[in-house]
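Shown below: my_file_17.cif, with mmCIF, C-alpha atoms.
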```
data_final
loop_
_atom_site.label_atom_id
_atom_site.label_comp_id
_atom_site.auth_asym_id
_atom_site.auth_seq_id
_atom_site.Cartn_x
_atom_site.Cartn_y
_atom_site.Cartn_z
CA MET Z 1 95.04 106.42 90.88
CA LYS Z 2 98.19 104.85 92.31
CA VAL Z 3 100.10 107.31 94.52
CA LEU Z 4 103.52 106.93 96.15
CA ILE Z 5 103.81 108.98 99.35
CA THR Z 6 107.32 109.48 100.72
CA GLY Z 7 107.94 110.06 104.41
CA SER Z 8 104.81 108.10 105.26
CA ASN Z 9 105.85 107.64 108.89
CA GLY Z 10 105.94 111.41 109.39
CA PHE Z 11 103.12 113.61 110.64
CA LEU Z 12 101.88 114.74 107.21
CA GLY Z 13 102.83 111.60 105.29
CA LYS Z 14 100.94 109.27 107.61
CA PHE Z 15 97.85 111.48 107.49
CA LEU Z 16 97.94 111.55 103.68
CA CYS Z 17 98.22 107.76 103.47
CA ASP Z 18 95.06 107.34 105.52
CA TYR Z 19 93.24 110.28 103.89
CA LEU Z 20 93.84 109.21 100.28
CA SER Z 21 93.37 105.47 100.89
CA GLU Z 22 89.95 106.20 102.38
CA ARG Z 23 89.10 107.90 99.07
CA ASN Z 24 89.97 104.73 97.15
CA ASP Z 25 93.36 105.79 95.85
CA SER Z 26 95.90 102.97 95.79
CA ILE Z 27 98.74 104.04 98.08
CA VAL Z 28 102.38 103.03 98.13
CA ALA Z 29 103.73 104.16 101.51
CA HIS Z 30 107.45 104.93 101.56
CA THR Z 31 109.63 104.94 104.65
CA ARG Z 32 113.39 104.87 105.03
CA LEU Z 33 113.12 102.03 107.58
CA PRO Z 34 110.60 99.14 107.44
CA LYS Z 35 107.08 100.02 108.57
CA GLN Z 36 103.84 98.23 107.78
CA TYR Z 37 100.33 99.63 107.33
CA SER Z 38 97.27 97.50 108.03
CA CYS Z 39 95.01 99.17 105.47
CA PRO Z 40 94.39 96.70 102.61
CA ASN Z 41 94.99 99.16 99.77
CA ILE Z 42 98.30 100.47 101.15
CA ASP Z 43 101.50 98.80 99.95
CA ASN Z 44 104.85 99.41 101.60
CA ILE Z 45 108.23 100.29 100.16
CA ASN Z 46 111.48 101.08 101.98
CA PHE Z 47 114.45 102.97 100.54
CA ASP Z 48 116.88 105.77 101.30
CA LEU Z 49 116.64 108.78 98.99
CA ASN Z 50 120.42 108.99 98.75
CA GLU Z 51 121.04 105.29 98.03
CA ASN Z 52 120.84 103.50 94.70
CA LEU Z 53 117.19 103.55 93.60
CA ASP Z 54 117.73 101.36 90.53
CA LYS Z 55 116.36 98.26 92.25
CA PHE Z 56 113.00 99.91 92.88
CA ASP Z 57 110.28 99.82 90.25
CA PHE Z 58 107.90 102.79 90.24
CA LYS Z 59 106.06 101.59 87.13
CA GLY Z 60 102.32 101.79 87.55
CA VAL Z 61 102.66 104.74 89.93
CA ASP Z 62 100.69 107.71 88.58
CA ALA Z 63 101.91 110.36 91.01
CA ILE Z 64 104.38 110.93 93.83
CA ILE Z 65 103.72 113.15 96.84
CA HIS Z 66 107.15 113.92 98.25
CA CYS Z 67 106.91 114.68 101.97
CA ALA Z 68 110.21 113.14 103.10
CA GLY Z 69 113.12 115.41 103.92
CA ARG Z 70 115.29 116.89 106.62
CA ALA Z 71 112.93 119.04 108.67
CA HIS Z 72 113.67 122.51 109.98
CA VAL Z 73 115.79 122.25 113.14
CA MET Z 74 115.48 124.93 115.84
CA ASN Z 75 118.63 123.94 117.76
CA GLU Z 76 120.96 122.96 114.92
CA THR Z 77 124.03 120.88 115.81
CA ALA Z 78 125.42 120.06 112.34
CA SER Z 79 128.80 121.66 111.60
CA SER Z 80 127.42 122.77 108.20
CA PRO Z 81 123.62 123.01 108.40
CA LEU Z 82 123.26 123.93 104.72
CA ASP Z 83 125.25 120.87 103.60
CA ALA Z 84 123.16 118.64 105.86
CA TYR Z 85 119.93 120.03 104.42
CA ARG Z 86 121.20 119.87 100.84
CA HIS Z 87 122.17 116.20 101.14
CA ILE Z 88 118.58 115.13 101.75
CA ASN Z 89 116.36 118.00 100.62
CA VAL Z 90 118.15 118.69 97.32
CA GLU Z 91 120.20 115.63 96.35
CA GLY Z 92 117.73 113.07 97.73
CA THR Z 93 114.74 114.84 96.19
CA LEU Z 94 116.40 115.05 92.78
CA ASN Z 95 117.35 111.35 92.94
CA LEU Z 96 113.72 110.47 93.54
CA ALA Z 97 112.40 112.77 90.80
CA LYS Z 98 114.86 111.39 88.23
CA LYS Z 99 113.76 107.87 89.08
CA ALA Z 100 110.12 108.96 88.78
CA ALA Z 101 110.70 110.47 85.34
CA GLN Z 102 112.55 107.35 84.15
CA SER Z 103 109.72 105.12 85.43
CA GLY Z 104 106.98 107.01 83.63
CA VAL Z 105 105.42 108.64 86.69
CA LYS Z 106 103.18 111.43 85.40
CA ARG Z 107 103.03 113.93 88.27
CA PHE Z 108 105.35 114.90 91.13
CA ILE Z 109 103.98 116.99 94.03
CA TYR Z 110 106.76 118.52 96.10
CA LEU Z 111 106.00 119.61 99.67
CA SER Z 112 108.30 122.58 100.09
CA SER Z 113 108.01 125.18 102.88
CA ILE Z 114 107.00 128.78 103.49
CA LYS Z 115 110.57 129.20 104.77
CA VAL Z 116 111.46 129.60 101.09
CA ASN Z 117 109.63 132.94 101.20
CA GLY Z 118 110.99 133.96 104.60
CA ASP Z 119 110.08 134.34 108.26
CA GLU Z 120 107.93 137.48 108.42
CA ALA Z 121 105.16 138.97 106.28
CA THR Z 122 102.46 141.41 107.32
CA GLN Z 123 98.76 141.64 106.51
CA GLN Z 124 99.60 144.71 104.43
CA LYS Z 125 102.25 142.81 102.44
CA PRO Z 126 101.65 139.07 102.71
CA PHE Z 127 103.77 136.43 101.03
CA THR Z 128 102.56 135.24 97.62
CA ALA Z 129 103.47 132.19 95.56
CA ASP Z 130 105.12 134.39 92.92
CA ASP Z 131 107.39 136.44 95.21
CA LEU Z 132 111.02 136.86 94.21
CA ILE Z 133 113.02 134.62 96.55
CA ASP Z 134 115.88 135.95 98.65
CA THR Z 135 116.40 133.73 101.71
CA ASP Z 136 119.55 132.99 103.69
CA ASP Z 137 117.94 130.43 106.01
CA PRO Z 138 119.73 127.08 105.40
CA TYR Z 139 116.53 125.04 105.50
CA GLY Z 140 114.59 127.48 103.32
CA LEU Z 141 117.49 127.72 100.88
CA SER Z 142 117.72 123.93 100.54
CA LYS Z 143 113.99 123.75 99.82
CA TYR Z 144 114.27 126.50 97.20
CA GLU Z 145 117.27 124.83 95.56
CA ALA Z 146 115.23 121.62 95.38
CA GLU Z 147 112.39 123.54 93.74
CA GLN Z 148 114.79 124.95 91.14
CA ALA Z 149 116.36 121.55 90.42
CA LEU Z 150 112.94 119.95 90.05
CA THR Z 151 111.75 122.72 87.73
CA LYS Z 152 114.76 122.13 85.47
CA LEU Z 153 114.19 118.37 85.48
CA SER Z 154 110.51 118.87 84.70
CA SER Z 155 111.31 121.00 81.65
CA GLU Z 156 113.78 118.37 80.40
CA THR Z 157 111.66 115.26 80.97
CA GLY Z 158 108.00 116.32 80.92
CA LEU Z 159 107.45 115.21 84.52
CA GLU Z 160 104.51 117.30 85.74
CA LEU Z 161 105.69 119.27 88.77
CA VAL Z 162 103.50 120.89 91.42
CA ILE Z 163 105.15 122.78 94.30
CA ILE Z 164 103.27 123.46 97.54
CA ARG Z 165 104.70 125.65 100.30
CA PRO Z 166 102.73 125.12 103.50
CA VAL Z 167 102.82 127.43 106.51
CA LEU Z 168 102.79 125.89 110.00
CA ILE Z 169 100.91 122.57 109.75
CA TYR Z 170 98.76 121.32 112.63
CA GLY Z 171 96.40 118.46 113.32
CA PRO Z 172 96.02 115.32 115.45
CA ASN Z 173 99.31 114.01 116.84
CA VAL Z 174 101.15 117.18 115.84
CA LYS Z 175 104.54 117.59 117.49
CA ALA Z 176 107.17 120.30 118.05
CA ASN Z 177 106.09 123.91 118.68
CA PHE Z 178 102.36 123.46 118.12
CA LYS Z 179 102.23 120.56 120.56
CA SER Z 180 103.94 122.79 123.14
CA MET Z 181 101.31 125.51 122.61
CA VAL Z 182 98.51 122.98 123.07
CA SER Z 183 100.09 121.85 126.32
CA LEU Z 184 100.57 125.41 127.62
CA ALA Z 185 96.97 126.32 126.78
CA SER Z 186 95.73 123.40 128.88
CA LYS Z 187 97.36 124.67 132.07
CA ARG Z 188 95.90 127.09 134.59
CA ILE Z 189 98.94 129.32 134.71
CA PRO Z 190 99.41 132.98 133.71
CA LEU Z 191 100.70 133.34 130.15
CA PRO Z 192 102.33 136.54 128.80
CA ILE Z 193 100.18 136.61 125.64
CA GLY Z 194 97.86 139.56 126.29
CA CYS Z 195 99.66 141.78 123.75
CA LEU Z 196 100.23 139.15 121.08
CA ASP Z 197 97.80 140.53 118.48
CA ASN Z 198 100.13 139.69 115.59
CA LYS Z 199 98.54 137.54 112.89
CA ARG Z 200 99.83 134.15 111.75
CA SER Z 201 98.74 131.99 108.82
CA MET Z 202 98.49 128.28 109.60
CA VAL Z 203 97.18 125.24 107.74
CA SER Z 204 95.45 122.18 109.14
CA VAL Z 205 96.26 118.74 107.76
CA TYR Z 206 92.61 118.57 106.67
CA ASN Z 207 92.91 121.63 104.42
CA LEU Z 208 96.40 120.73 103.20
CA ALA Z 209 95.34 117.18 102.30
CA ASP Z 210 92.35 118.55 100.40
CA LEU Z 211 94.62 120.90 98.42
CA ILE Z 212 97.06 118.08 97.65
CA GLN Z 213 94.22 115.85 96.46
CA VAL Z 214 93.09 118.58 94.05
CA CYS Z 215 96.66 119.00 92.79
CA LEU Z 216 96.91 115.27 92.04
CA SER Z 217 94.51 115.54 89.11
CA HIS Z 218 93.76 119.20 88.30
CA CYS Z 219 94.82 120.11 84.77
CA ASN Z 220 95.98 123.59 85.82
CA ALA Z 221 98.22 122.43 88.68
CA PRO Z 222 101.41 121.40 86.82
CA GLY Z 223 104.10 124.05 86.56
CA GLN Z 224 102.66 126.04 89.45
CA VAL Z 225 103.73 127.03 92.96
CA PHE Z 226 101.00 127.27 95.59
CA LEU Z 227 101.09 128.50 99.17
CA ALA Z 228 98.93 126.52 101.60
CA SER Z 229 96.98 128.02 104.49
CA ASP Z 230 93.57 127.88 106.14
CA GLN Z 231 92.83 131.22 104.43
CA ASP Z 232 91.76 132.31 107.89
CA ASP Z 233 94.54 134.15 109.71
CA ILE Z 234 94.54 134.25 113.49
CA SER Z 235 96.41 136.22 116.13
CA VAL Z 236 98.65 134.37 118.56
CA LYS Z 237 96.43 135.50 121.45
CA GLN Z 238 93.30 134.22 119.67
CA LEU Z 239 95.02 130.92 118.94
CA PHE Z 240 95.86 130.35 122.60
CA GLU Z 241 92.30 131.30 123.55
CA GLN Z 242 90.87 128.71 121.16
CA LEU Z 243 93.36 126.04 122.21
CA ALA Z 244 92.36 126.65 125.83
CA ALA Z 245 88.62 126.69 125.11
CA PHE Z 246 88.73 123.33 123.33
CA GLN Z 247 90.43 121.94 126.44
CA ASN Z 248 87.85 123.47 128.80
CA ASN Z 249 90.38 125.91 130.21
CA LYS Z 250 90.13 129.67 130.71
CA LEU Z 251 93.39 131.44 130.07
CA ILE Z 252 95.00 133.89 132.45
CA LYS Z 253 96.42 136.41 129.96
CA ILE Z 254 99.12 138.81 131.13
CA PRO Z 255 99.62 141.87 128.87
CA VAL Z 256 103.41 141.74 128.58
CA PRO Z 257 104.81 144.04 125.84
CA LYS Z 258 106.50 142.25 122.96
CA SER Z 259 109.73 144.15 123.63
CA LEU Z 260 109.94 142.59 127.10
CA ILE Z 261 109.20 139.12 125.70
CA PHE Z 262 112.08 139.55 123.24
CA LEU Z 263 114.37 140.82 126.00
CA PHE Z 264 113.63 137.94 128.35
CA ALA Z 265 113.88 135.36 125.55
CA SER Z 266 117.28 136.67 124.47
CA LEU Z 267 118.54 136.39 128.07
CA VAL Z 268 117.61 132.70 128.22
CA GLY Z 269 118.69 131.85 124.66
CA ARG Z 270 115.20 131.54 123.20
CA SER Z 271 115.17 134.44 120.73
CA ALA Z 272 113.95 132.25 117.86
CA ILE Z 273 110.87 131.18 119.83
CA ALA Z 274 110.09 134.79 120.78
CA SER Z 275 110.37 135.82 117.15
CA ARG Z 276 107.80 133.23 116.12
CA LEU Z 277 105.42 134.25 118.89
CA CYS Z 278 105.70 138.00 118.33
CA SER Z 279 106.15 138.42 114.58
CA GLU Z 280 103.58 138.28 111.78
CA LEU Z 281 103.59 135.70 109.00
CA VAL Z 282 100.64 136.10 106.65
CA VAL Z 283 100.25 134.53 103.22
CA ASP Z 284 97.98 135.28 100.26
CA THR Z 285 96.54 132.11 98.75
CA SER Z 286 94.19 133.76 96.25
CA LYS Z 287 96.17 132.06 93.46
CA ASN Z 288 94.79 128.71 94.68
CA THR Z 289 91.26 129.96 94.09
CA GLN Z 290 92.06 131.57 90.73
CA VAL Z 291 94.00 128.62 89.26
CA LEU Z 292 92.43 125.60 90.97
CA ASP Z 293 89.05 126.97 92.09
CA TRP Z 294 90.15 125.80 95.55
CA ASN Z 295 89.10 127.23 98.89
CA ALA Z 296 89.92 125.76 102.28
CA PRO Z 297 87.01 123.51 103.33
CA TYR Z 298 87.59 124.19 107.05
CA SER Z 299 88.17 127.41 108.96
CA THR Z 300 90.88 127.44 111.62
CA GLU Z 301 88.28 127.12 114.37
CA GLN Z 302 86.59 124.20 112.60
CA SER Z 303 89.96 122.53 112.05
CA LEU Z 304 90.90 122.90 115.71
CA ALA Z 305 87.53 121.50 116.79
CA LYS Z 306 88.02 118.52 114.49
CA MET Z 307 91.58 118.04 115.74
CA PHE Z 308 90.55 117.92 119.41
CA ARG Z 309 87.64 115.57 118.68
CA GLU Z 310 90.00 113.14 116.98
CA MET Z 311 92.62 113.48 119.73
CA LYS Z 312 90.03 112.33 122.26
#
```
Represent the structure of the file as structure tokens.
Amino acid sequence: MKVLITGSNGFLGKFLCDYLSERNDSIVAHTRLPKQYSCPNIDNINFDLNENLDKFDFKGVDAIIHCAGRAHVMNETASSPLDAYRHINVEGTLNLAKKAAQSGVKRFIYLSSIKVNGDEATQQKPFTADDLIDTDDPYGLSKYEAEQALTKLSSETGLELVIIRPVLIYGPNVKANFKSMVSLASKRIPLPIGCLDNKRSMVSVYNLADLIQVCLSHCNAPGQVFLASDQDDISVKQLFEQLAAFQNNKLIKIPVPKSLIFLFASLVGRSAIASRLCSELVVDTSKNTQVLDWNAPYSTEQSLAKMFREMK
């Protein structure tokens, strides 16, 4: 199978290029700026999603995995965040999908985001793939609008569409918030995490790549939305404990009430970070098992162990 992966210089895109090429898929690695891969069965292609794509020939490509996009920004500086997200995540995505349909590409896998569903969901009422959507987050809204535009295009052209909404993705060379947690867990300093028993769903690149590989060829995947997680929810306190243990560190856990964490964070302008640390976000991925017969091959603990082995 010949697969075009967009955003191949990003955290997930790069992992997928290596993962799928090792399984003998022929990979076309897309980046906006020139970048070369040394693997013999990876070709390179460079284009901007919002520029004229007519000069690019996608013929022979069986499927596209669309990872490229404007990522969620914690400290937004754009005068109109929604417009900035829409330009790339909606307009750019639709440009690519139209070109794919015109070129005879059979399947289009769109990496959306759990932000489409929202920011908080409890164990008693987890997010599902079939929830009614009502989000006002600019990033989440742009991703949902892209999903809607792609669904319409799919119905008009026959392009097989699969939508995947991952939760927080982690793995080797991860950046942003997860990298900060790994760093904190390596230090011998007191951390105010003793009361953080709230559960969070996460997904390792190993499990997400496995799900994507299934969606590339499974006959039941087209026309579906899937949430992606390790199917193994973990509390924030347990996560820090495991991150510390894999780095041969023993945490000093201070039982600070969540209300005080929120108060302090608001005083220093870090309310969004406190919300992520103290809130629950749990997803139900039973649809993946029912429709695709898919279960995560690695638990969270196994994924973390694998991640730290590869980081060494």
Problem set entry | Near-Phe47 (chain Z) list (9 Å; only C-alpha atoms; drop same-chain fewer than 2 positions) as a PyMOL selection string | chain Z and resi 30-34+45+49-53+56
Seminar exercise, completed: Closest of Z:Lys152, Z:Lys143, Z:His218, Z:Lys237 to Met181 (chain Z), counting only C-alpha atoms, is Z:Lys237
List as a tab-separated table every residue of region 118-170 of chain Z that is in contact with region 85-100 of chain Z, defined as an atom at most 9 Å from one of its atoms (using only C-alpha atoms), together with the nearest atom pair and the distance in Å rounded to one decimal, sorted by chain and then rising number.
```
residue	atom	partner	partner_atom	distance
Z:Pro138	CA	Z:Tyr85	CA	7.1
Z:Tyr139	CA	Z:Tyr85	CA	6.2
Z:Leu141	CA	Z:Arg86	CA	8.7
Z:Ser142	CA	Z:Arg86	CA	5.4
Z:Lys143	CA	Z:Asn89	CA	6.3
Z:Tyr144	CA	Z:Val90	CA	8.7
Z:Glu145	CA	Z:Val90	CA	6.4
Z:Ala146	CA	Z:Val90	CA	4.6
Z:Glu147	CA	Z:Val90	CA	8.3
Z:Ala149	CA	Z:Leu94	CA	6.9
Z:Leu150	CA	Z:Leu94	CA	6.6
Z:Leu153	CA	Z:Lys98	CA	7.5
Z:Ser154	CA	Z:Ala97	CA	8.8
Z:Thr157	CA	Z:Lys98	CA	8.8
Z:Leu159	CA	Z:Ala100	CA	8.0
```
Exercise. Could you write out as a list in words the residues that the PyMOL selection byres ((chain Z and resi 227) around 9) matches in the shown file?
Worked result: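 After applying the PyMOL selection byres ((chain Z and resi 227) around 9), what remains is Ser113, Ile114, Phe127, Thr128, Ala129, Ile163, Ile164, Arg165, Pro166, Val167, Val225, Phe226, Ala228, Ser229, Val283, Asp284, Thr285, Lys287 and Asn288 of chain Z.
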Exercise. When you draw a straight line from CA of Ile42 (chain Z) to CA of Ile27 (chain Z), how long is it in Å?
Worked result: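 Interatomic distance here is 4.7 Å.
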For this session: Counting all atoms listed in the file, find the residues whose atoms lie at most 7 Å from (96.5, 141.7, 129.0) (file coordinates) and write them out as a list in words.
Result: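 Residues with an atom close enough to that point: Gly194, Cys195, Lys253, Ile254, Pro255 and Val256 of chain Z.
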Could you put an axis-aligned box around every listed atom of region 158-167 of chain Z, padded by 3 Å on each side, and send me its centre and edge lengths in Å to one decimal, as JSON?
```
{"center_x": 105.4, "center_y": 121.3, "center_z": 93.7, "size_x": 11.3, "size_y": 18.2, "size_z": 31.6}
```
For this session: Run the PyMOL selection byres ((chain Z and resi 274) around 9) against the file shown and list the residues it catches, as a ChimeraX atom specification.
Result: /Z:258,261-262,264-266,270-273,275-279
Exercise. So, counting all atoms listed in the file, which residue among Z:Asp83, Z:Glu241, Z:Asp43, Z:Glu280 is closest to Lys199 (chain Z)?
Worked result: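 Going through Z:Asp83, Z:Glu241, Z:Asp43, Z:Glu280 one by one, the smallest distance to Lys199 (chain Z) is for Z:Glu280.
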Problem set entry | Answer key for the PyMOL selection byres ((chain Z and resi 59-65) around 6), residues as a PyMOL selection string | chain Z and resi 2-5+57-58+66+103+105-109
For this session: Please provide as a ChimeraX atom specification all residues within 7 Å of Pro222 (chain Z), with the sequence filter that same-chain residues fewer than 4 positions apart are discarded (counting all atoms listed in the file).
Result: /Z:160-162
Any chance you could export the current selection's C-alpha atoms as a PDB file, in the frame of the given file?
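As written to disk, result27.pdb reads:
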```pdb
ATOM      1  CA  GLU Z 160     104.510 117.300  85.740  1.00  0.00           C
ATOM      2  CA  LEU Z 161     105.690 119.270  88.770  1.00  0.00           C
ATOM      3  CA  VAL Z 162     103.500 120.890  91.420  1.00  0.00           C
TER       4      VAL Z 162
END
```
For this session: Pick out the closest residue to Leu184 (chain Z) from this set: Z:Ser303, Z:Asp48, Z:Leu239, Z:Asp137. Count all atoms listed in the file.
Result: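 Ranked by minimum distance to Leu184 (chain Z), first place goes to Z:Leu239.
Of the residues listed (Z:Val116, Z:Leu260, Z:Ile189, Z:Val282), Z:Val116 shows the shortest atom-to-atom separation from Ile133 (chain Z); distances use all atoms listed in the file.
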For this session: Kindly indicate which residue among Z:Ile169, Z:Leu111, Z:Ala71, Z:Leu216 lies nearest to Leu20 (chain Z), using all atoms listed in the file for the distances.
Result: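 Between Z:Ile169, Z:Leu111, Z:Ala71, Z:Leu216, the residue approaching Leu20 (chain Z) most closely is Z:Leu216.
The coordinates place CA of Arg188 (chain Z) at 7.2 Å from CA of Ile252 (chain Z).
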Problem set entry | Exercise: Phe11 (chain Z) partners within 12 Å, all atoms listed in the file, chain neighbours under 2 positions left out, as a PyMOL selection string | chain Z and resi 6-9+13-18+67-68+71+169-176+204-205+209
For this session: List the residues sitting within 7 Å of (98.0, 131.2, 111.6) in the file's frame, using all atoms listed in the file, as a count of residues only.
Result: 7
Problem set entry | Nearest candidate to Asn24 (chain Z) (options Z:Leu263, Z:Asp130, Z:Tyr110, Z:Gln213; using only C-alpha atoms) |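 Nearest candidate to Asn24 (chain Z) out of Z:Leu263, Z:Asp130, Z:Tyr110, Z:Gln213: Z:Gln213.
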